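Peer 1: For reference, the structure I am asking about is given below.
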Amino acid sequence: VWLAGSSSLGNMSIHLKATPKESVQERRQWSPYIDNGGSVLAVAGKSFVVIAGDKRMSYGYSIASRNVTKIAKLTDGCILASAGMQAERHTLHKVLKAKATMFENTHRKQMSAHSMAQCLSNTLYYKRFFPYYTFNVLAGLDEKGAGSVWGYDAIGSYERVPYVVNGSGSALATSILDNQVLFKTQPQNKRDLTLEETVNLVKDVFTCISERDIYTGDSCEIYMITKDGIQHEDFNLKKD
């Protein structure tokens, strides 16, 4: 089917001719990435840090698995949690564990949390032209024993913060932590949370996320890092 038309401007005449439908080529859109959903967060205290992530793995509106971890222990005092694409997350965790092992074998000591934070940034930036489709949270204790949390984007930009949330439920959780950790809306009540209070807050946050975010749910892994080591707890969430 051919379409034709004409238009005149003063003494100049313009004839328009449309492209036939048969010559129009459709291009299929394809992406190497998918987002498997889920949420991860970490909250730093004076002498501890709590890091957590749910275990649901989704694909669109389907639940692919209800028991996939988003968390990796990199050293005895440093833990990484990653939202985003499961395959990319698995690869990134494997690479970082290998780097941590190589460092320990070379220097006869484990990498510090601060060094691991820089190592993760370098690893992500190295792949910036075809990045790991992950959104990471790193937690550990610094040289003085204080809780430390770093938040990352996909290409390695990072910042040390009191708390951070990444993943599909980040928008739902950030305002809760603004209110309950930094007391931004109630500065007159500001105080330091204990480890027990922080763990209970993390449970409340994941409960709230799972009520409204279909990609977060089933169960939640919670890790507590202190000078005495790492403790682990599982917390059940909504299954639907």
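Chain labels follow the order of the structure tokens: the first chain is A, the next B, and so on; residue numbering restarts at 1 in every chain, and ligands are counted from 1 in their shown order.
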Quick one: residues within 12 Å of A:Gln118, only C-alpha atoms, excluding same-chain residues fewer than 2 positions away - as number ranges by chain?
Peer 2: A: 96, 111-116, 120-125, 138, 150-152, 156-160
Peer 1: Give the alpha helix (DSSP H) residues of stretch 161-203 of chain A, as assigned by DSSP on the backbone, as a ChimeraX atom specification.
Peer 2: /A:170-180,195-203
Peer 1: Taking only C-alpha atoms into account, name the residue in A:Glu197, A:Asp213, A:Asp35, A:Asp76 that is nearest to A:Gly229.
Peer 2: A:Asp76
Peer 1: Just the residues within 9 Å of A:Tyr163, please, counting only C-alpha atoms, with nothing from its chain fewer than 3 positions along; format it as a compact mmCIF listing (two decimals) with all heavy atoms, in the first residue's frame.
Peer 2:
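Writing done, so here's out_25.txt:
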```txt
# COMPACT_ATOMS: atom_id res chain seq x y z
N LEU A 41 19.39 -5.09 52.83
CA LEU A 41 19.64 -3.88 53.61
C LEU A 41 20.68 -4.16 54.68
O LEU A 41 20.97 -5.31 55.02
CB LEU A 41 18.35 -3.35 54.24
CG LEU A 41 17.64 -4.13 55.36
CD1 LEU A 41 18.27 -3.90 56.73
CD2 LEU A 41 16.18 -3.74 55.42
N ALA A 42 21.24 -3.08 55.21
CA ALA A 42 22.20 -3.17 56.32
C ALA A 42 22.07 -1.93 57.18
O ALA A 42 21.81 -0.83 56.68
CB ALA A 42 23.62 -3.32 55.80
N VAL A 43 22.27 -2.12 58.48
CA VAL A 43 22.21 -1.03 59.44
C VAL A 43 23.43 -1.14 60.35
O VAL A 43 23.72 -2.20 60.90
CB VAL A 43 20.92 -1.08 60.30
CG1 VAL A 43 20.88 0.09 61.27
CG2 VAL A 43 19.68 -1.09 59.42
N ALA A 44 24.16 -0.03 60.49
CA ALA A 44 25.37 -0.01 61.32
C ALA A 44 25.07 0.52 62.71
O ALA A 44 24.30 1.47 62.87
CB ALA A 44 26.44 0.85 60.65
N SER A 148 30.15 -0.72 60.09
CA SER A 148 30.36 0.00 58.83
C SER A 148 29.46 -0.58 57.75
O SER A 148 29.37 -1.80 57.61
CB SER A 148 31.82 -0.11 58.38
OG SER A 148 32.70 0.31 59.41
N VAL A 149 28.84 0.31 56.99
CA VAL A 149 27.95 -0.11 55.90
C VAL A 149 28.28 0.73 54.68
O VAL A 149 28.43 1.95 54.76
CB VAL A 149 26.46 0.10 56.29
CG1 VAL A 149 25.56 -0.06 55.07
CG2 VAL A 149 26.04 -0.88 57.37
N TRP A 150 28.40 0.05 53.52
CA TRP A 150 28.64 0.73 52.25
C TRP A 150 27.55 0.35 51.27
O TRP A 150 27.19 -0.82 51.14
CB TRP A 150 30.00 0.34 51.67
CG TRP A 150 31.18 0.83 52.45
CD1 TRP A 150 31.86 2.01 52.29
CD2 TRP A 150 31.86 0.13 53.51
NE1 TRP A 150 32.90 2.10 53.19
CE2 TRP A 150 32.93 0.96 53.94
CE3 TRP A 150 31.68 -1.09 54.14
CZ2 TRP A 150 33.80 0.59 54.96
CZ3 TRP A 150 32.53 -1.47 55.17
CH2 TRP A 150 33.57 -0.63 55.57
N GLY A 151 27.03 1.34 50.55
CA GLY A 151 26.05 1.11 49.50
C GLY A 151 26.67 1.38 48.13
O GLY A 151 27.50 2.29 47.99
N ARG A 160 30.03 5.23 52.33
CA ARG A 160 29.79 4.69 53.66
C ARG A 160 28.64 5.46 54.30
O ARG A 160 28.65 6.68 54.36
CB ARG A 160 31.04 4.79 54.54
CG ARG A 160 30.85 4.18 55.92
CD ARG A 160 32.14 4.14 56.71
NE ARG A 160 31.90 3.69 58.07
CZ ARG A 160 32.86 3.48 58.97
NH1 ARG A 160 34.14 3.70 58.65
NH2 ARG A 160 32.57 3.06 60.19
N THR A 174 13.31 2.74 52.88
CA THR A 174 14.21 3.83 53.21
C THR A 174 13.58 4.82 54.18
O THR A 174 14.22 5.29 55.13
CB THR A 174 14.68 4.56 51.94
OG1 THR A 174 15.33 3.61 51.08
CG2 THR A 174 15.65 5.67 52.27
N LEU A 177 13.63 3.57 57.79
CA LEU A 177 14.95 3.68 58.42
C LEU A 177 15.31 5.15 58.68
O LEU A 177 15.99 5.46 59.67
CB LEU A 177 16.00 3.02 57.54
CG LEU A 177 15.81 1.51 57.34
CD1 LEU A 177 16.87 0.96 56.39
CD2 LEU A 177 15.87 0.77 58.67
N ASP A 178 14.88 6.05 57.80
CA ASP A 178 15.08 7.48 58.06
C ASP A 178 14.48 7.87 59.40
O ASP A 178 15.05 8.65 60.16
CB ASP A 178 14.43 8.32 56.95
CG ASP A 178 15.21 8.30 55.66
OD1 ASP A 178 16.40 7.94 55.69
OD2 ASP A 178 14.63 8.66 54.62
N VAL A 181 16.18 5.06 62.49
CA VAL A 181 17.62 4.96 62.74
C VAL A 181 18.23 6.34 62.95
O VAL A 181 18.91 6.59 63.95
CB VAL A 181 18.33 4.24 61.58
CG1 VAL A 181 19.85 4.19 61.82
CG2 VAL A 181 17.80 2.82 61.44
```
Peer 1: Can you pull out every residue within 9 Å of A:Ile71, counting only C-alpha atoms, but drop anything in the same chain fewer than 5 positions away, and send it as a CSV table (one decimal) with N, CA, C and O atoms, in the first residue's frame?
Peer 2:
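Everything below was put into out_2.csv:
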```csv
chain,number,residue,atom,x,y,z
A,40,VAL,N,17.7,-6.1,49.9
A,40,VAL,CA,18.8,-6.3,50.8
A,40,VAL,C,19.0,-5.0,51.6
A,40,VAL,O,18.7,-3.9,51.0
A,51,ILE,N,23.0,-7.1,58.7
A,51,ILE,CA,22.8,-7.1,57.3
A,51,ILE,C,21.8,-8.2,57.0
A,51,ILE,O,21.8,-9.3,57.6
A,52,ALA,N,20.9,-8.0,56.0
A,52,ALA,CA,19.8,-9.0,55.8
A,52,ALA,C,19.4,-8.9,54.3
A,52,ALA,O,19.6,-7.9,53.6
A,53,GLY,N,18.8,-10.0,53.9
A,53,GLY,CA,18.2,-10.1,52.6
A,53,GLY,C,17.1,-11.2,52.5
A,53,GLY,O,17.3,-12.2,53.2
A,79,ILE,N,30.5,-9.1,55.2
A,79,ILE,CA,29.4,-9.8,54.5
A,79,ILE,C,28.9,-8.9,53.4
A,79,ILE,O,28.7,-7.7,53.6
A,80,LEU,N,28.6,-9.6,52.3
A,80,LEU,CA,28.0,-8.8,51.1
A,80,LEU,C,26.6,-9.3,50.8
A,80,LEU,O,26.4,-10.6,50.8
A,81,ALA,N,25.7,-8.4,50.6
A,81,ALA,CA,24.4,-8.8,50.1
A,81,ALA,C,24.1,-8.1,48.8
A,81,ALA,O,24.4,-6.9,48.7
A,82,SER,N,23.5,-8.8,47.9
A,82,SER,CA,23.3,-8.2,46.5
A,82,SER,C,21.9,-8.5,46.0
A,82,SER,O,21.4,-9.7,46.0
A,93,HIS,N,29.8,-12.8,43.6
A,93,HIS,CA,30.2,-13.3,44.9
A,93,HIS,C,31.4,-14.3,44.7
A,93,HIS,O,32.3,-14.3,45.6
A,221,GLU,N,17.1,-13.7,55.6
A,221,GLU,CA,18.3,-14.1,56.4
A,221,GLU,C,18.8,-12.8,57.1
A,221,GLU,O,19.0,-11.8,56.4
```
Peer 1: Counting only C-alpha atoms, which residue out of A:Ser47, A:Asn36, A:Asn105, A:Thr194 sits closest to A:Arg89?
Peer 2: A:Asn36
Peer 1: Please identify every residue of stretch 92-142 of chain A that has at least one atom no farther than 10 Å from an atom of stretch 164-167 of chain A, counting only C-alpha atoms, and for each give the shortest atom pair and the distance in Å to one decimal, arranged by chain then increasing number, as CSV.
Peer 2:
```
residue,atom,partner,partner_atom,distance
A:Thr134,CA,A:Gly167,CA,8.8
A:Phe135,CA,A:Asn166,CA,6.1
A:Asn136,CA,A:Asn166,CA,6.8
A:Val137,CA,A:Val164,CA,7.1
A:Leu138,CA,A:Val164,CA,9.4
```
